[in-house]
>>> print(open('data03.cif').read())   # mmCIF, N, CA and C atoms
data_target
loop_
_atom_site.group_PDB
_atom_site.id
_atom_site.type_symbol
_atom_site.label_atom_id
_atom_site.label_comp_id
_atom_site.auth_asym_id
_atom_site.auth_seq_id
_atom_site.Cartn_x
_atom_site.Cartn_y
_atom_site.Cartn_z
ATOM 1 N N MET A 1 89.516 100.411 86.976
ATOM 2 C CA MET A 1 90.510 99.359 87.067
ATOM 3 C C MET A 1 91.545 99.565 85.969
ATOM 4 N N ASN A 2 92.804 99.516 86.397
ATOM 5 C CA ASN A 2 93.885 99.743 85.452
ATOM 6 C C ASN A 2 94.870 98.590 85.356
ATOM 7 N N SER A 3 94.786 97.649 86.276
ATOM 8 C CA SER A 3 95.767 96.567 86.292
ATOM 9 C C SER A 3 95.162 95.308 86.922
ATOM 10 N N ILE A 4 95.896 94.220 86.810
ATOM 11 C CA ILE A 4 95.476 92.971 87.431
ATOM 12 C C ILE A 4 95.351 93.157 88.943
ATOM 13 N N TYR A 5 96.264 93.915 89.512
ATOM 14 C CA TYR A 5 96.209 94.187 90.949
ATOM 15 C C TYR A 5 94.882 94.855 91.326
ATOM 16 N N ASP A 6 94.456 95.830 90.526
ATOM 17 C CA ASP A 6 93.182 96.505 90.785
ATOM 18 C C ASP A 6 92.016 95.521 90.723
ATOM 19 N N ILE A 7 92.073 94.599 89.774
ATOM 20 C CA ILE A 7 91.021 93.593 89.648
ATOM 21 C C ILE A 7 91.014 92.694 90.883
ATOM 22 N N GLN A 8 92.194 92.290 91.330
ATOM 23 C CA GLN A 8 92.280 91.454 92.527
ATOM 24 C C GLN A 8 91.695 92.173 93.741
ATOM 25 N N GLN A 9 92.005 93.443 93.883
ATOM 26 C CA GLN A 9 91.487 94.216 95.012
ATOM 27 C C GLN A 9 89.973 94.359 94.928
ATOM 28 N N PHE A 10 89.453 94.553 93.724
ATOM 29 C CA PHE A 10 88.009 94.636 93.528
ATOM 30 C C PHE A 10 87.338 93.328 93.946
ATOM 31 N N LEU A 11 87.906 92.206 93.506
ATOM 32 C CA LEU A 11 87.331 90.904 93.836
ATOM 33 C C LEU A 11 87.391 90.622 95.340
ATOM 34 N N LYS A 12 88.435 91.119 95.997
ATOM 35 C CA LYS A 12 88.555 90.928 97.444
ATOM 36 C C LYS A 12 87.400 91.588 98.190
ATOM 37 N N ASN A 13 86.885 92.687 97.643
ATOM 38 C CA ASN A 13 85.734 93.358 98.262
ATOM 39 C C ASN A 13 84.522 92.443 98.335
ATOM 40 N N TYR A 14 84.472 91.448 97.463
ATOM 41 C CA TYR A 14 83.363 90.498 97.437
ATOM 42 C C TYR A 14 83.762 89.142 98.020
ATOM 43 N N GLY A 15 84.902 89.111 98.709
ATOM 44 C CA GLY A 15 85.333 87.894 99.376
ATOM 45 C C GLY A 15 85.957 86.860 98.468
ATOM 46 N N THR A 16 86.418 87.282 97.309
ATOM 47 C CA THR A 16 87.018 86.357 96.351
ATOM 48 C C THR A 16 88.530 86.522 96.352
ATOM 49 N N PHE A 17 89.224 85.484 96.787
ATOM 50 C CA PHE A 17 90.679 85.451 96.780
ATOM 51 C C PHE A 17 91.092 84.321 95.856
ATOM 52 N N ILE A 18 91.816 84.651 94.799
ATOM 53 C CA ILE A 18 92.184 83.638 93.811
ATOM 54 C C ILE A 18 93.697 83.494 93.771
ATOM 55 N N TYR A 19 94.157 82.298 94.076
ATOM 56 C CA TYR A 19 95.568 81.965 93.909
ATOM 57 C C TYR A 19 95.688 80.451 93.808
ATOM 58 N N THR A 20 96.043 79.974 92.628
ATOM 59 C CA THR A 20 96.208 78.542 92.408
ATOM 60 C C THR A 20 97.670 78.167 92.208
ATOM 61 N N GLY A 21 98.510 79.174 92.009
ATOM 62 C CA GLY A 21 99.912 78.910 91.722
ATOM 63 C C GLY A 21 100.199 78.930 90.234
ATOM 64 N N ASP A 22 99.146 78.942 89.421
ATOM 65 C CA ASP A 22 99.278 79.007 87.971
ATOM 66 C C ASP A 22 98.652 80.325 87.507
ATOM 67 N N ARG A 23 99.476 81.217 86.998
ATOM 68 C CA ARG A 23 99.022 82.571 86.651
ATOM 69 C C ARG A 23 97.870 82.559 85.649
ATOM 70 N N LYS A 24 97.992 81.737 84.613
ATOM 71 C CA LYS A 24 96.949 81.709 83.586
ATOM 72 C C LYS A 24 95.627 81.217 84.175
ATOM 73 N N SER A 25 95.681 80.199 85.005
ATOM 74 C CA SER A 25 94.463 79.693 85.653
ATOM 75 C C SER A 25 93.859 80.749 86.574
ATOM 76 N N ASP A 26 94.701 81.461 87.284
ATOM 77 C CA ASP A 26 94.222 82.539 88.146
ATOM 78 C C ASP A 26 93.459 83.583 87.337
ATOM 79 N N LEU A 27 94.023 83.963 86.209
ATOM 80 C CA LEU A 27 93.394 84.980 85.359
ATOM 81 C C LEU A 27 92.058 84.495 84.819
ATOM 82 N N MET A 28 91.999 83.239 84.439
ATOM 83 C CA MET A 28 90.750 82.691 83.917
ATOM 84 C C MET A 28 89.674 82.636 85.008
ATOM 85 N N LEU A 29 90.075 82.290 86.219
ATOM 86 C CA LEU A 29 89.129 82.292 87.341
ATOM 87 C C LEU A 29 88.648 83.706 87.664
ATOM 88 N N MET A 30 89.560 84.683 87.584
ATOM 89 C CA MET A 30 89.173 86.076 87.806
ATOM 90 C C MET A 30 88.147 86.509 86.768
ATOM 91 N N GLN A 31 88.379 86.112 85.536
ATOM 92 C CA GLN A 31 87.452 86.457 84.462
ATOM 93 C C GLN A 31 86.068 85.851 84.729
ATOM 94 N N ASP A 32 86.032 84.622 85.180
ATOM 95 C CA ASP A 32 84.762 83.973 85.510
ATOM 96 C C ASP A 32 84.050 84.698 86.651
ATOM 97 N N GLU A 33 84.800 85.083 87.667
ATOM 98 C CA GLU A 33 84.205 85.784 88.807
ATOM 99 C C GLU A 33 83.649 87.143 88.394
ATOM 100 N N LEU A 34 84.390 87.850 87.542
ATOM 101 C CA LEU A 34 83.908 89.141 87.062
ATOM 102 C C LEU A 34 82.620 88.976 86.260
ATOM 103 N N LYS A 35 82.553 87.925 85.464
ATOM 104 C CA LYS A 35 81.344 87.668 84.677
ATOM 105 C C LYS A 35 80.151 87.423 85.595
ATOM 106 N N GLU A 36 80.363 86.656 86.652
ATOM 107 C CA GLU A 36 79.284 86.388 87.605
ATOM 108 C C GLU A 36 78.833 87.675 88.305
ATOM 109 N N LEU A 37 79.782 88.534 88.663
ATOM 110 C CA LEU A 37 79.424 89.811 89.296
ATOM 111 C C LEU A 37 78.659 90.705 88.326
ATOM 112 N N PHE A 38 79.063 90.679 87.064
ATOM 113 C CA PHE A 38 78.366 91.467 86.046
ATOM 114 C C PHE A 38 76.937 90.962 85.867
ATOM 115 N N LEU A 39 76.781 89.649 85.777
ATOM 116 C CA LEU A 39 75.447 89.077 85.599
ATOM 117 C C LEU A 39 74.548 89.318 86.813
ATOM 118 N N ALA A 40 75.160 89.487 87.975
ATOM 119 C CA ALA A 40 74.405 89.783 89.200
ATOM 120 C C ALA A 40 74.188 91.289 89.373
ATOM 121 N N ASN A 41 74.574 92.065 88.377
ATOM 122 C CA ASN A 41 74.442 93.531 88.386
ATOM 123 C C ASN A 41 75.220 94.201 89.514
ATOM 124 N N LEU A 42 76.340 93.607 89.906
ATOM 125 C CA LEU A 42 77.209 94.210 90.912
ATOM 126 C C LEU A 42 78.386 94.930 90.272
ATOM 127 N N LEU A 43 78.497 94.815 88.965
ATOM 128 C CA LEU A 43 79.593 95.415 88.205
ATOM 129 C C LEU A 43 78.992 96.016 86.943
ATOM 130 N N ASP A 44 79.296 97.288 86.688
ATOM 131 C CA ASP A 44 78.702 97.890 85.493
ATOM 132 C C ASP A 44 79.435 97.453 84.225
ATOM 133 N N ARG A 45 78.784 97.677 83.098
ATOM 134 C CA ARG A 45 79.272 97.187 81.811
ATOM 135 C C ARG A 45 80.678 97.716 81.479
ATOM 136 N N LYS A 46 80.907 98.997 81.704
ATOM 137 C CA LYS A 46 82.200 99.586 81.357
ATOM 138 C C LYS A 46 83.330 98.953 82.164
ATOM 139 N N ASP A 47 83.156 98.835 83.463
ATOM 140 C CA ASP A 47 84.182 98.221 84.312
ATOM 141 C C ASP A 47 84.406 96.761 83.928
ATOM 142 N N PHE A 48 83.324 96.060 83.600
ATOM 143 C CA PHE A 48 83.440 94.665 83.175
ATOM 144 C C PHE A 48 84.263 94.559 81.896
ATOM 145 N N GLN A 49 83.988 95.430 80.935
ATOM 146 C CA GLN A 49 84.714 95.392 79.666
ATOM 147 C C GLN A 49 86.190 95.737 79.852
ATOM 148 N N VAL A 50 86.466 96.747 80.649
ATOM 149 C CA VAL A 50 87.853 97.144 80.895
ATOM 150 C C VAL A 50 88.619 96.021 81.593
ATOM 151 N N ALA A 51 88.015 95.443 82.615
ATOM 152 C CA ALA A 51 88.665 94.362 83.353
ATOM 153 C C ALA A 51 88.898 93.151 82.455
ATOM 154 N N THR A 52 87.923 92.829 81.607
ATOM 155 C CA THR A 52 88.067 91.703 80.689
ATOM 156 C C THR A 52 89.206 91.934 79.718
ATOM 157 N N LEU A 53 89.325 93.144 79.207
ATOM 158 C CA LEU A 53 90.423 93.458 78.280
ATOM 159 C C LEU A 53 91.781 93.357 78.971
ATOM 160 N N ILE A 54 91.866 93.813 80.203
ATOM 161 C CA ILE A 54 93.121 93.720 80.956
ATOM 162 C C ILE A 54 93.516 92.258 81.139
ATOM 163 N N ILE A 55 92.556 91.431 81.499
ATOM 164 C CA ILE A 55 92.830 90.010 81.713
ATOM 165 C C ILE A 55 93.218 89.324 80.410
ATOM 166 N N LYS A 56 92.493 89.616 79.338
ATOM 167 C CA LYS A 56 92.822 89.002 78.044
ATOM 168 C C LYS A 56 94.224 89.398 77.578
ATOM 169 N N LYS A 57 94.596 90.653 77.819
ATOM 170 C CA LYS A 57 95.929 91.109 77.443
ATOM 171 C C LYS A 57 96.995 90.355 78.230
ATOM 172 N N GLU A 58 96.764 90.174 79.508
ATOM 173 C CA GLU A 58 97.715 89.453 80.362
ATOM 174 C C GLU A 58 97.838 87.988 79.938
ATOM 175 N N ILE A 59 96.709 87.354 79.612
ATOM 176 C CA ILE A 59 96.737 85.970 79.145
ATOM 177 C C ILE A 59 97.514 85.870 77.838
ATOM 178 N N SER A 60 97.313 86.837 76.955
ATOM 179 C CA SER A 60 98.019 86.866 75.678
ATOM 180 C C SER A 60 99.528 86.987 75.888
ATOM 181 N N GLU A 61 99.938 87.809 76.834
ATOM 182 C CA GLU A 61 101.362 87.977 77.131
ATOM 183 C C GLU A 61 101.953 86.691 77.685
ATOM 184 N N ILE A 62 101.199 85.997 78.515
ATOM 185 C CA ILE A 62 101.665 84.711 79.061
ATOM 186 C C ILE A 62 101.832 83.690 77.947
ATOM 187 N N GLN A 63 100.899 83.646 77.030
ATOM 188 C CA GLN A 63 100.962 82.690 75.926
ATOM 189 C C GLN A 63 102.153 82.990 75.010
ATOM 190 N N LYS A 64 102.461 84.265 74.805
ATOM 191 C CA LYS A 64 103.629 84.639 73.979
ATOM 192 C C LYS A 64 104.929 84.161 74.609
ATOM 193 N N LYS A 65 104.996 84.220 75.936
ATOM 194 C CA LYS A 65 106.211 83.812 76.639
ATOM 195 C C LYS A 65 106.441 82.308 76.550
ATOM 196 N N THR A 66 105.356 81.541 76.447
ATOM 197 C CA THR A 66 105.502 80.086 76.433
ATOM 198 C C THR A 66 105.812 79.534 75.033
ATOM 199 N N ILE A 67 105.700 80.366 74.031
ATOM 200 C CA ILE A 67 105.973 79.899 72.659
ATOM 201 C C ILE A 67 107.444 79.917 72.362
#
>>> encode(input="data03.cif", output="structure tokens")
Amino acid sequence: MNSIYDIQQFLKNYGTFIYTGDRKSDLMLMQDELKELFLANLLDRKDFQVATLIIKKEISEIQKKTI
């Protein structure tokens, strides 16, 4: 996974479509879903860590824009 788009496509494979209209909320929900997949052993540790870092970076960029 290299981008938010890749994460969205990965989640779609498991029937998870996230769109609330609020980007930050969407990212937080994606992070929760990835955690659940990791805990269910459907996602390996490396992919989980990479995806989490991508999401955290995106959330950080959103927060910078609102300041």
>>> resolve_selection(input="data03.cif", expression="the PyMOL selection byres (((chain A and resi 61-67 and name CA) around 12) and name CA)", output="PyMOL selection string")
chain A and resi 22-27+54-60
>>> select_by_dssp(input="data03.cif", residues="chain A", states="helix (DSSP H, G or I)", output="ChimeraX atom specification")
/A:4-12,23-39,45-66
>>> resolve_selection(input="data03.cif", expression="the PyMOL selection byres (((chain A and resi 8 and name CA) around 12) and name CA)", output="PyMOL selection string")
chain A and resi 1-7+9-19+26-27+29-31+33-34+51+54-55
>>> write_last_selection(input="data03.cif", atoms="N, CA and C atoms", output="PDB file, in the frame of the given file")
ATOM      1  N   MET A   1      89.516 100.411  86.976  1.00  0.00           N
ATOM      2  CA  MET A   1      90.510  99.359  87.067  1.00  0.00           C
ATOM      3  C   MET A   1      91.545  99.565  85.969  1.00  0.00           C
ATOM      4  N   ASN A   2      92.804  99.516  86.397  1.00  0.00           N
ATOM      5  CA  ASN A   2      93.885  99.743  85.452  1.00  0.00           C
ATOM      6  C   ASN A   2      94.870  98.590  85.356  1.00  0.00           C
ATOM      7  N   SER A   3      94.786  97.649  86.276  1.00  0.00           N
ATOM      8  CA  SER A   3      95.767  96.567  86.292  1.00  0.00           C
ATOM      9  C   SER A   3      95.162  95.308  86.922  1.00  0.00           C
ATOM     10  N   ILE A   4      95.896  94.220  86.810  1.00  0.00           N
ATOM     11  CA  ILE A   4      95.476  92.971  87.431  1.00  0.00           C
ATOM     12  C   ILE A   4      95.351  93.157  88.943  1.00  0.00           C
ATOM     13  N   TYR A   5      96.264  93.915  89.512  1.00  0.00           N
ATOM     14  CA  TYR A   5      96.209  94.187  90.949  1.00  0.00           C
ATOM     15  C   TYR A   5      94.882  94.855  91.326  1.00  0.00           C
ATOM     16  N   ASP A   6      94.456  95.830  90.526  1.00  0.00           N
ATOM     17  CA  ASP A   6      93.182  96.505  90.785  1.00  0.00           C
ATOM     18  C   ASP A   6      92.016  95.521  90.723  1.00  0.00           C
ATOM     19  N   ILE A   7      92.073  94.599  89.774  1.00  0.00           N
ATOM     20  CA  ILE A   7      91.021  93.593  89.648  1.00  0.00           C
ATOM     21  C   ILE A   7      91.014  92.694  90.883  1.00  0.00           C
ATOM     22  N   GLN A   9      92.005  93.443  93.883  1.00  0.00           N
ATOM     23  CA  GLN A   9      91.487  94.216  95.012  1.00  0.00           C
ATOM     24  C   GLN A   9      89.973  94.359  94.928  1.00  0.00           C
ATOM     25  N   PHE A  10      89.453  94.553  93.724  1.00  0.00           N
ATOM     26  CA  PHE A  10      88.009  94.636  93.528  1.00  0.00           C
ATOM     27  C   PHE A  10      87.338  93.328  93.946  1.00  0.00           C
ATOM     28  N   LEU A  11      87.906  92.206  93.506  1.00  0.00           N
ATOM     29  CA  LEU A  11      87.331  90.904  93.836  1.00  0.00           C
ATOM     30  C   LEU A  11      87.391  90.622  95.340  1.00  0.00           C
ATOM     31  N   LYS A  12      88.435  91.119  95.997  1.00  0.00           N
ATOM     32  CA  LYS A  12      88.555  90.928  97.444  1.00  0.00           C
ATOM     33  C   LYS A  12      87.400  91.588  98.190  1.00  0.00           C
ATOM     34  N   ASN A  13      86.885  92.687  97.643  1.00  0.00           N
ATOM     35  CA  ASN A  13      85.734  93.358  98.262  1.00  0.00           C
ATOM     36  C   ASN A  13      84.522  92.443  98.335  1.00  0.00           C
ATOM     37  N   TYR A  14      84.472  91.448  97.463  1.00  0.00           N
ATOM     38  CA  TYR A  14      83.363  90.498  97.437  1.00  0.00           C
ATOM     39  C   TYR A  14      83.762  89.142  98.020  1.00  0.00           C
ATOM     40  N   GLY A  15      84.902  89.111  98.709  1.00  0.00           N
ATOM     41  CA  GLY A  15      85.333  87.894  99.376  1.00  0.00           C
ATOM     42  C   GLY A  15      85.957  86.860  98.468  1.00  0.00           C
ATOM     43  N   THR A  16      86.418  87.282  97.309  1.00  0.00           N
ATOM     44  CA  THR A  16      87.018  86.357  96.351  1.00  0.00           C
ATOM     45  C   THR A  16      88.530  86.522  96.352  1.00  0.00           C
ATOM     46  N   PHE A  17      89.224  85.484  96.787  1.00  0.00           N
ATOM     47  CA  PHE A  17      90.679  85.451  96.780  1.00  0.00           C
ATOM     48  C   PHE A  17      91.092  84.321  95.856  1.00  0.00           C
ATOM     49  N   ILE A  18      91.816  84.651  94.799  1.00  0.00           N
ATOM     50  CA  ILE A  18      92.184  83.638  93.811  1.00  0.00           C
ATOM     51  C   ILE A  18      93.697  83.494  93.771  1.00  0.00           C
ATOM     52  N   TYR A  19      94.157  82.298  94.076  1.00  0.00           N
ATOM     53  CA  TYR A  19      95.568  81.965  93.909  1.00  0.00           C
ATOM     54  C   TYR A  19      95.688  80.451  93.808  1.00  0.00           C
ATOM     55  N   ASP A  26      94.701  81.461  87.284  1.00  0.00           N
ATOM     56  CA  ASP A  26      94.222  82.539  88.146  1.00  0.00           C
ATOM     57  C   ASP A  26      93.459  83.583  87.337  1.00  0.00           C
ATOM     58  N   LEU A  27      94.023  83.963  86.209  1.00  0.00           N
ATOM     59  CA  LEU A  27      93.394  84.980  85.359  1.00  0.00           C
ATOM     60  C   LEU A  27      92.058  84.495  84.819  1.00  0.00           C
ATOM     61  N   LEU A  29      90.075  82.290  86.219  1.00  0.00           N
ATOM     62  CA  LEU A  29      89.129  82.292  87.341  1.00  0.00           C
ATOM     63  C   LEU A  29      88.648  83.706  87.664  1.00  0.00           C
ATOM     64  N   MET A  30      89.560  84.683  87.584  1.00  0.00           N
ATOM     65  CA  MET A  30      89.173  86.076  87.806  1.00  0.00           C
ATOM     66  C   MET A  30      88.147  86.509  86.768  1.00  0.00           C
ATOM     67  N   GLN A  31      88.379  86.112  85.536  1.00  0.00           N
ATOM     68  CA  GLN A  31      87.452  86.457  84.462  1.00  0.00           C
ATOM     69  C   GLN A  31      86.068  85.851  84.729  1.00  0.00           C
ATOM     70  N   GLU A  33      84.800  85.083  87.667  1.00  0.00           N
ATOM     71  CA  GLU A  33      84.205  85.784  88.807  1.00  0.00           C
ATOM     72  C   GLU A  33      83.649  87.143  88.394  1.00  0.00           C
ATOM     73  N   LEU A  34      84.390  87.850  87.542  1.00  0.00           N
ATOM     74  CA  LEU A  34      83.908  89.141  87.062  1.00  0.00           C
ATOM     75  C   LEU A  34      82.620  88.976  86.260  1.00  0.00           C
ATOM     76  N   ALA A  51      88.015  95.443  82.615  1.00  0.00           N
ATOM     77  CA  ALA A  51      88.665  94.362  83.353  1.00  0.00           C
ATOM     78  C   ALA A  51      88.898  93.151  82.455  1.00  0.00           C
ATOM     79  N   ILE A  54      91.866  93.813  80.203  1.00  0.00           N
ATOM     80  CA  ILE A  54      93.121  93.720  80.956  1.00  0.00           C
ATOM     81  C   ILE A  54      93.516  92.258  81.139  1.00  0.00           C
ATOM     82  N   ILE A  55      92.556  91.431  81.499  1.00  0.00           N
ATOM     83  CA  ILE A  55      92.830  90.010  81.713  1.00  0.00           C
ATOM     84  C   ILE A  55      93.218  89.324  80.410  1.00  0.00           C
TER      85      ILE A  55
END
>>> atom_distance(input="data03.cif", atom1="atom C of Phe48 of chain A", atom2="atom N of Asp32 of chain A")
10.6 Å
>>> atom_distance(input="data03.cif", atom1="atom C of Phe38 of chain A", atom2="atom CA of Leu53 of chain A")
15.7 Å
>>> atom_distance(input="data03.cif", atom1="atom CA of Lys46 of chain A", atom2="atom C of Met28 of chain A")
18.9 Å
>>> axis_aligned_box(input="data03.cif", around="segment 6-15 of chain A", padding_each_side="6 Å", output="lines of an AutoDock Vina configuration file")
center_x = 88.9
center_y = 91.7
center_z = 94.5
size_x = 23.1
size_y = 21.6
size_z = 21.7
